[in-house]
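Engineer: This is the content of data.txt (compact mmCIF, C-alpha atoms):
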```txt
# COMPACT_ATOMS: atom_id res chain seq x y z
CA MET A 286 61.66 106.22 91.70
CA GLU A 287 64.25 103.62 90.74
CA THR A 288 65.51 101.33 93.50
CA LEU A 289 69.22 100.76 94.13
CA GLU A 290 68.76 97.17 92.91
CA GLN A 291 67.41 98.40 89.56
CA VAL A 292 70.28 100.88 89.22
CA ALA A 293 72.78 98.10 90.05
CA GLN A 294 71.25 96.00 87.25
CA ARG A 295 71.73 98.90 84.84
CA VAL A 296 75.40 99.21 85.84
CA ALA A 297 75.87 95.45 85.37
CA ALA A 298 74.27 95.73 81.91
CA GLY A 299 76.84 98.31 80.81
CA ASP A 300 75.36 101.65 81.93
CA THR A 301 78.45 102.53 83.94
CA ALA A 302 77.38 106.16 84.45
CA ALA A 303 74.47 104.89 86.54
CA PHE A 304 76.93 104.00 89.29
CA GLN A 305 77.12 107.69 90.21
CA HIS A 306 73.45 107.43 91.20
CA ILE A 307 74.41 104.75 93.74
CA VAL A 308 77.27 106.95 95.03
CA ARG A 309 74.99 109.98 95.44
CA HIS A 310 72.32 107.99 97.26
CA THR A 311 74.55 105.99 99.62
CA GLY A 312 77.62 108.23 100.10
CA ASP A 313 76.49 109.97 103.31
CA LEU A 314 75.20 106.73 104.80
CA LEU A 315 78.41 104.79 104.13
CA VAL A 316 80.82 107.57 105.14
CA ARG A 317 78.86 107.98 108.39
CA LEU A 318 79.13 104.22 109.05
CA ALA A 319 82.87 104.15 108.28
CA ALA A 320 83.49 107.30 110.36
CA ARG A 321 81.67 105.77 113.34
CA ILE A 322 83.84 102.65 113.11
CA LEU A 323 87.12 104.41 112.28
CA GLY A 324 86.68 107.59 114.34
CA ASN A 325 87.33 110.20 111.68
CA VAL A 326 85.80 111.41 108.44
CA ALA A 327 88.97 111.65 106.30
CA ASP A 328 89.84 107.96 106.76
CA ALA A 329 86.16 107.13 106.31
CA GLU A 330 86.02 108.86 102.92
CA ASP A 331 89.18 107.05 101.75
CA THR A 332 87.73 103.72 102.91
CA VAL A 333 84.37 104.30 101.24
CA GLN A 334 86.05 105.46 98.02
CA GLU A 335 87.99 102.17 97.86
CA ALA A 336 84.82 100.27 98.69
CA TYR A 337 82.99 101.93 95.77
CA VAL A 338 85.81 100.97 93.39
CA LYS A 339 85.50 97.33 94.54
CA ALA A 340 81.72 97.44 94.27
CA TYR A 341 81.83 98.93 90.77
CA ARG A 342 84.32 96.29 89.62
CA ALA A 343 82.13 93.54 91.08
CA LEU A 344 79.00 94.90 89.37
CA VAL A 345 80.53 95.20 85.89
CA ASN A 346 82.12 91.75 86.26
CA GLY A 347 78.77 90.25 87.25
CA GLN A 348 80.01 89.27 90.73
CA PHE A 349 77.06 90.78 92.64
CA ASP A 350 74.64 87.89 93.01
CA GLY A 351 71.75 89.95 94.41
CA ARG A 352 71.22 87.63 97.38
CA SER A 353 71.34 90.64 99.69
CA SER A 354 70.12 94.17 99.07
CA VAL A 355 72.58 96.61 97.48
CA ARG A 356 72.60 98.60 100.73
CA THR A 357 73.53 95.54 102.83
CA TRP A 358 76.14 94.53 100.25
CA LEU A 359 77.75 98.00 100.37
CA TYR A 360 77.57 97.97 104.19
CA ARG A 361 79.45 94.65 104.10
CA ILE A 362 82.23 95.95 101.83
CA VAL A 363 82.65 99.13 103.89
CA THR A 364 82.56 97.33 107.25
CA HIS A 365 85.23 94.84 106.19
CA ALA A 366 87.39 97.66 104.76
CA ALA A 367 86.99 99.67 107.99
CA ILE A 368 87.95 96.66 110.13
CA ASP A 369 91.05 96.15 107.95
CA GLY A 370 91.81 99.85 108.32
CA LEU A 371 91.60 99.61 112.12
CA ARG A 372 93.90 96.58 112.14
CA HIS A 373 96.53 98.37 110.06
CA ARG A 374 96.25 101.53 112.10
CA ARG A 375 96.89 99.99 115.49
CA ARG A 376 100.51 101.12 115.69
CA ARG A 377 99.68 104.72 114.89
CA ASP A 378 99.45 107.45 117.52
CA ALA A 379 96.00 107.19 119.08
CA ARG A 380 95.50 110.94 118.86
CA LEU A 381 95.66 110.76 115.06
CA ASP A 382 92.39 108.85 115.19
CA SER A 383 90.53 111.80 116.69
CA GLU A 384 88.37 114.10 114.69
CA LEU A 385 89.18 117.77 115.13
CA PRO A 386 86.62 120.40 114.11
CA SER A 387 87.69 122.32 111.04
CA ALA A 388 87.35 126.08 110.72
CA TRP A 389 85.22 125.42 107.60
CA ASP A 390 82.62 123.27 109.36
CA GLY A 391 79.13 124.55 110.01
CA ALA A 392 77.84 124.33 113.60
CA ALA A 393 75.99 121.04 113.04
CA LEU A 394 78.97 119.37 111.40
CA ALA A 395 81.37 120.69 114.05
CA GLU A 396 79.13 119.22 116.75
CA ALA A 397 78.96 115.92 114.84
CA ARG A 398 82.76 115.80 114.63
CA LEU A 399 83.05 116.39 118.37
CA ALA A 400 80.56 113.59 118.98
CA LEU A 401 82.62 111.37 116.68
CA THR A 402 85.68 112.02 118.84
CA GLU A 403 83.65 111.07 121.94
CA LEU A 404 82.51 107.87 120.25
CA SER A 405 86.06 107.04 119.20
CA ASP A 406 87.33 107.64 122.77
CA LEU A 407 84.55 105.46 124.17
CA LEU A 408 85.33 102.56 121.81
CA ARG A 409 89.13 102.95 121.94
CA GLY A 410 90.93 99.72 122.80
CA LEU A 411 88.18 97.38 121.59
CA PRO A 412 89.28 94.80 119.00
CA PRO A 413 88.20 95.97 115.50
CA ASP A 414 85.53 93.27 115.02
CA GLN A 415 83.93 94.01 118.42
CA ARG A 416 84.02 97.75 117.74
CA ALA A 417 82.36 97.27 114.33
CA ALA A 418 79.70 94.93 115.76
CA LEU A 419 78.83 97.41 118.53
CA VAL A 420 78.62 100.33 116.09
CA LEU A 421 76.38 98.35 113.73
CA LYS A 422 74.10 97.30 116.60
CA SER A 423 73.91 100.27 118.95
CA VAL A 424 74.75 103.22 116.70
CA GLU A 425 73.46 102.12 113.27
CA GLY A 426 70.52 100.28 114.84
CA LEU A 427 70.80 97.07 112.80
CA THR A 428 69.46 93.71 113.95
CA THR A 429 71.81 90.89 114.95
CA PRO A 430 70.97 88.77 111.83
CA GLU A 431 71.66 91.81 109.61
CA ILE A 432 75.02 92.29 111.34
CA ALA A 433 75.83 88.60 110.89
CA GLN A 434 75.15 88.95 107.15
CA ILE A 435 77.31 92.09 106.95
CA MET A 436 80.19 90.62 108.96
CA ASP A 437 80.01 87.21 107.23
CA CYS A 438 79.66 85.28 110.48
CA SER A 439 76.99 83.51 112.51
CA VAL A 440 74.42 85.24 114.72
CA GLY A 441 76.11 83.55 117.68
CA ALA A 442 79.47 85.05 116.74
CA VAL A 443 77.91 88.53 116.56
CA GLU A 444 76.29 88.07 119.97
CA GLN A 445 79.62 86.95 121.42
CA ARG A 446 81.37 90.04 120.03
CA LEU A 447 78.67 92.30 121.45
CA VAL A 448 78.84 90.66 124.91
CA ARG A 449 82.64 90.97 124.97
CA ALA A 450 82.59 94.58 123.79
CA ARG A 451 80.00 95.54 126.41
CA ALA A 452 81.90 93.67 129.14
CA ALA A 453 85.14 95.48 128.21
CA LEU A 454 83.47 98.90 128.25
CA ARG A 455 81.61 98.11 131.50
CA SER A 456 84.79 96.96 133.18
CA ARG A 457 86.65 100.07 132.00
CA ARG A 458 83.89 102.33 133.32
CA GLU A 459 83.79 100.55 136.69
CA GLY A 460 87.57 100.90 136.88
CA HIS A 461 87.17 104.66 136.49
CA ASP A 462 84.46 104.96 139.20
CA MET B 38 70.02 95.15 132.38
CA THR B 39 72.63 96.67 134.73
CA ASP B 40 73.03 100.43 135.32
CA SER B 41 76.31 100.27 133.44
CA GLU B 42 74.74 98.68 130.35
CA ASP B 43 71.86 101.11 130.56
CA TRP B 44 74.37 103.95 130.64
CA LEU B 45 76.23 102.45 127.65
CA ASP B 46 73.07 102.12 125.53
CA GLN B 47 72.03 105.66 126.39
CA LYS B 48 75.48 107.00 125.57
CA LEU B 49 75.71 105.14 122.23
CA GLY B 50 72.16 106.26 121.34
CA GLU B 51 73.07 109.86 122.11
CA LEU B 52 76.28 109.65 120.03
CA ALA B 53 74.31 108.08 117.16
CA ARG B 54 71.98 111.10 117.12
CA ARG B 55 74.81 113.61 117.44
CA THR B 56 76.82 112.06 114.57
CA GLU B 57 73.79 111.93 112.27
CA ALA B 58 74.87 115.23 110.63
CA LEU B 59 78.11 113.70 109.29
CA HIS B 60 78.20 113.72 105.51
CA VAL B 61 80.63 113.45 102.62
CA SER B 62 82.78 116.45 101.79
CA ALA B 63 82.26 118.48 98.62
CA GLY B 64 83.63 116.77 95.52
CA PHE B 65 83.48 113.28 97.01
CA SER B 66 81.39 111.85 94.12
CA ALA B 67 83.86 113.30 91.59
CA ARG B 68 86.78 111.72 93.47
CA VAL B 69 85.02 108.36 93.41
CA ALA B 70 84.40 108.73 89.66
CA ASP B 71 88.09 109.53 89.11
CA ALA B 72 89.17 106.55 91.24
CA ILE B 73 86.90 104.22 89.26
CA GLU B 74 88.18 105.58 85.96
CA SER B 75 91.84 105.22 86.94
CA ASP B 76 91.18 101.70 88.25
CA ALA B 77 89.74 100.51 84.92
CA PRO B 78 92.29 98.25 83.16
CA MET B 79 91.23 99.59 79.76
CA PRO B 80 88.69 102.30 78.90
CA GLN B 81 85.35 100.73 77.99
CA GLU B 82 85.15 102.64 74.68
CA LEU B 83 88.56 101.34 73.63
CA LEU B 84 87.55 97.81 74.60
CA ARG B 85 84.33 98.07 72.54
CA SER B 86 86.23 99.43 69.50
CA ALA B 87 88.79 96.64 69.80
CA ARG B 88 85.98 94.06 69.87
CA ARG B 89 84.46 95.58 66.72
CA LEU B 90 87.84 95.45 64.92
CA LEU B 91 88.54 91.83 65.86
CA PRO B 92 86.81 90.21 62.79
CA VAL B 93 88.55 92.67 60.44
CA ALA B 94 91.90 91.89 62.07
CA LEU B 95 91.28 88.14 61.57
CA VAL B 96 90.51 88.61 57.84
CA VAL B 97 93.64 90.77 57.42
CA ALA B 98 95.73 88.11 59.21
CA VAL B 99 94.41 85.31 56.95
CA LEU B 100 95.02 87.40 53.80
CA GLY B 101 98.51 88.24 55.05
CA LEU B 102 99.24 84.57 55.59
CA GLY B 103 98.03 83.75 52.05
CA ILE B 104 100.20 86.48 50.54
CA ALA B 105 103.21 85.26 52.55
CA VAL B 106 102.76 81.66 51.35
CA SER B 107 102.34 82.63 47.67
CA SER B 108 105.28 85.02 47.93
CA GLU B 109 107.47 82.20 49.28
CA GLN B 110 106.48 79.99 46.34
CA SER B 111 107.47 82.75 43.88
CA THR B 112 110.79 83.12 45.63
CA ASP B 113 111.44 79.37 45.35
CA GLN B 114 110.72 79.52 41.60
CA ALA B 115 113.04 82.51 41.25
CA PHE B 116 115.83 80.62 43.00
CA ALA B 117 115.20 77.65 40.74
CA VAL B 118 115.51 79.88 37.67
CA ALA B 119 118.65 81.46 39.10
CA ASP B 120 120.14 78.00 39.74
CA ASP B 121 119.46 77.09 36.10
CA VAL B 122 121.30 80.21 34.97
CA VAL B 123 124.28 79.36 37.19
CA GLU B 124 124.40 75.83 35.78
CA ILE B 125 124.51 77.17 32.22
CA GLU B 126 127.40 79.54 33.15
CA TRP B 127 129.48 76.65 34.65
```
Have the structure of the file written as structure tokens, please.

Structural biologist:
Amino acid sequence: METLEQVAQRVAAGDTAAFQHIVRHTGDLLVRLAARILGNVADAEDTVQEAYVKAYRALVNGQFDGRSSVRTWLYRIVTHAAIDGLRHRRRRDARLDSELPSAWDGAALAEARLALTELSDLLRGLPPDQRAALVLKSVEGLTTPEIAQIMDCSVGAVEQRLVRARAALRSRREGHD
Amino acid sequence: MTDSEDWLDQKLGELARRTEALHVSAGFSARVADAIESDAPMPQELLRSARRLLPVALVVAVLGLGIAVSSEQSTDQAFAVADDVVEIEW
């Protein structure tokens, strides 16, 4: 079984069709990550599509240095794109960010979309970088150093974002009690 | 850890499990392929063909230049001959 790193090397060497292998093997993972940060699947798919275009361009131009794994590198591109998306979306109606079950969804997907709406409601109001840090840590289950690498910041900065995000959510919950 | 943080971790853990079924919609890979293709500044095949034709184009350009120079010399000689004819007529 070929690793993503080996496939990425093939793409960089001119086998551009091999990029579809990367898309097939990381698509669900990346759309799930983007959806958890953004709060809906449609925006997540658009974000991940743009991220793949950037990643492909970087691979064929020899800009992927291989210092991180391909998965971490893709996580980084998608996370930054999702944070940008949240920043540009701030003026939009908050309800547009919710995920509504479609009549075409199966039961499992419909339940996942409802859970996504709950997650989005829970994280609503957090600054984009805090929201992304909390999703990466507590939903994706990544370590703080991994998050620092993905968000291009220090471990201390990640910890600060997590503390602030938790404090904001705690204070909101206590305000509701 | 406070009760509130405990509640938050439990809630986020639960939402992580419940959103695990999220996946890309049908045709997503094809849309990505289309987006990549339309983003390309020039099709790779065309670029490769152009690279192969580059040496031939250089040779043609040099030959063209040579023909242009020799043609100019012939024209100068023709003018000179024509001038001679004009002088004889005067």

Engineer: At what distance in Å, to one decimal, does CA of Glu459 (chain A) lie from CA of Leu371 (chain A)?

Structural biologist: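 A separation of 25.8 Å between them.
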
Engineer: Considering all atoms listed in the file, state which residue in the set A:Ala397, A:Ala319, A:Val440, A:Val326 is at the smallest distance from chain B.

Structural biologist: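 Ranking A:Ala397, A:Ala319, A:Val440, A:Val326 by distance to chain B, first place goes to A:Ala397.
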
Engineer: Check the smallest atom-to-atom distance from each of B:Arg89, B:His60, B:Trp44, B:Glu51 to chain A using all atoms listed in the file, then report the winner.

Structural biologist: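 The closest residue to chain A is B:His60.
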
Engineer: What separation in Å, quoted to one decimal, exists between CA of Lys339 (chain A) and CA of His365 (chain A)?

Structural biologist: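 The value is 11.9 Å.
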
Engineer: Per residue of region 303-354 of chain A within 10 Å of region 62-72 of chain B, which atom pair is closest and at what distance in Å (one decimal), using all atoms listed in the file, listed by chain and increasing number, as JSON lines?

Structural biologist:
```
{"residue": "A:Phe304", "atom": "CA", "partner": "B:Ala70", "partner_atom": "CA", "distance": 8.8}
{"residue": "A:Gln305", "atom": "CA", "partner": "B:Ser66", "partner_atom": "CA", "distance": 7.1}
{"residue": "A:His306", "atom": "CA", "partner": "B:Ser66", "partner_atom": "CA", "distance": 9.5}
{"residue": "A:Ile307", "atom": "CA", "partner": "B:Ser66", "partner_atom": "CA", "distance": 10.0}
{"residue": "A:Val308", "atom": "CA", "partner": "B:Ser66", "partner_atom": "CA", "distance": 6.5}
{"residue": "A:Arg309", "atom": "CA", "partner": "B:Ser66", "partner_atom": "CA", "distance": 6.8}
{"residue": "A:Gly312", "atom": "CA", "partner": "B:Ser66", "partner_atom": "CA", "distance": 7.9}
{"residue": "A:Asp313", "atom": "CA", "partner": "B:Ser62", "partner_atom": "CA", "distance": 9.2}
{"residue": "A:Val316", "atom": "CA", "partner": "B:Ser62", "partner_atom": "CA", "distance": 9.7}
{"residue": "A:Val326", "atom": "CA", "partner": "B:Ser62", "partner_atom": "CA", "distance": 8.9}
{"residue": "A:Ala327", "atom": "CA", "partner": "B:Ser62", "partner_atom": "CA", "distance": 9.0}
{"residue": "A:Glu330", "atom": "CA", "partner": "B:Phe65", "partner_atom": "CA", "distance": 7.8}
{"residue": "A:Asp331", "atom": "CA", "partner": "B:Val69", "partner_atom": "CA", "distance": 9.4}
{"residue": "A:Val333", "atom": "CA", "partner": "B:Val69", "partner_atom": "CA", "distance": 8.8}
{"residue": "A:Gln334", "atom": "CA", "partner": "B:Val69", "partner_atom": "CA", "distance": 5.5}
{"residue": "A:Glu335", "atom": "CA", "partner": "B:Ala72", "partner_atom": "CA", "distance": 8.0}
{"residue": "A:Ala336", "atom": "CA", "partner": "B:Val69", "partner_atom": "CA", "distance": 9.7}
{"residue": "A:Tyr337", "atom": "CA", "partner": "B:Val69", "partner_atom": "CA", "distance": 7.1}
{"residue": "A:Val338", "atom": "CA", "partner": "B:Ala72", "partner_atom": "CA", "distance": 6.9}
```

Engineer: Please return, as a ChimeraX atom specification, all residues of chain B lying within 6 Å of chain A when only C-alpha atoms are considered.

Structural biologist: /B:49,52-53,55-56,58-61,69,73

Engineer: Distance CA of Asp414 (chain A)-CA of His373 (chain A), one decimal place?

Structural biologist: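 CA of His373 (chain A) lies at a distance of 13.1 Å from CA of Asp414 (chain A).
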
Engineer: Adding 5 Å on each side of the box along x, y and z that holds all listed atoms of region 347-361 of chain A, could you give its centre and edge lengths in Å to one decimal, as lines of an AutoDock Vina configuration file?

Structural biologist:
```
center_x = 75.1
center_y = 93.1
center_z = 95.7
size_x = 19.9
size_y = 21.0
size_z = 26.9
```

Engineer: Name all residues at most 8 Å from Leu344 (chain A) (count all atoms listed in the file; drop same-chain ones fewer than 4 positions away) and give them as a ChimeraX atom specification.

Structural biologist: /A:293,296-297,340,348-349

Engineer: If you count only C-alpha atoms, which residues fall within 12 Å of Asp350 (chain A), apart from same-chain ones fewer than 3 positions away, as a PyMOL selection string?

Structural biologist: chain A and resi 290+293-294+297+340+343-347+353-355+358

Engineer: When you look at Arg449 (chain A) with a cut-off of 8 Å (counting only C-alpha atoms), what residues show up, excluding the ones that are within fewer than 4 positions of it in the same chain? I need them as a VMD selection string.

Structural biologist: chain A and resid 415 445 453
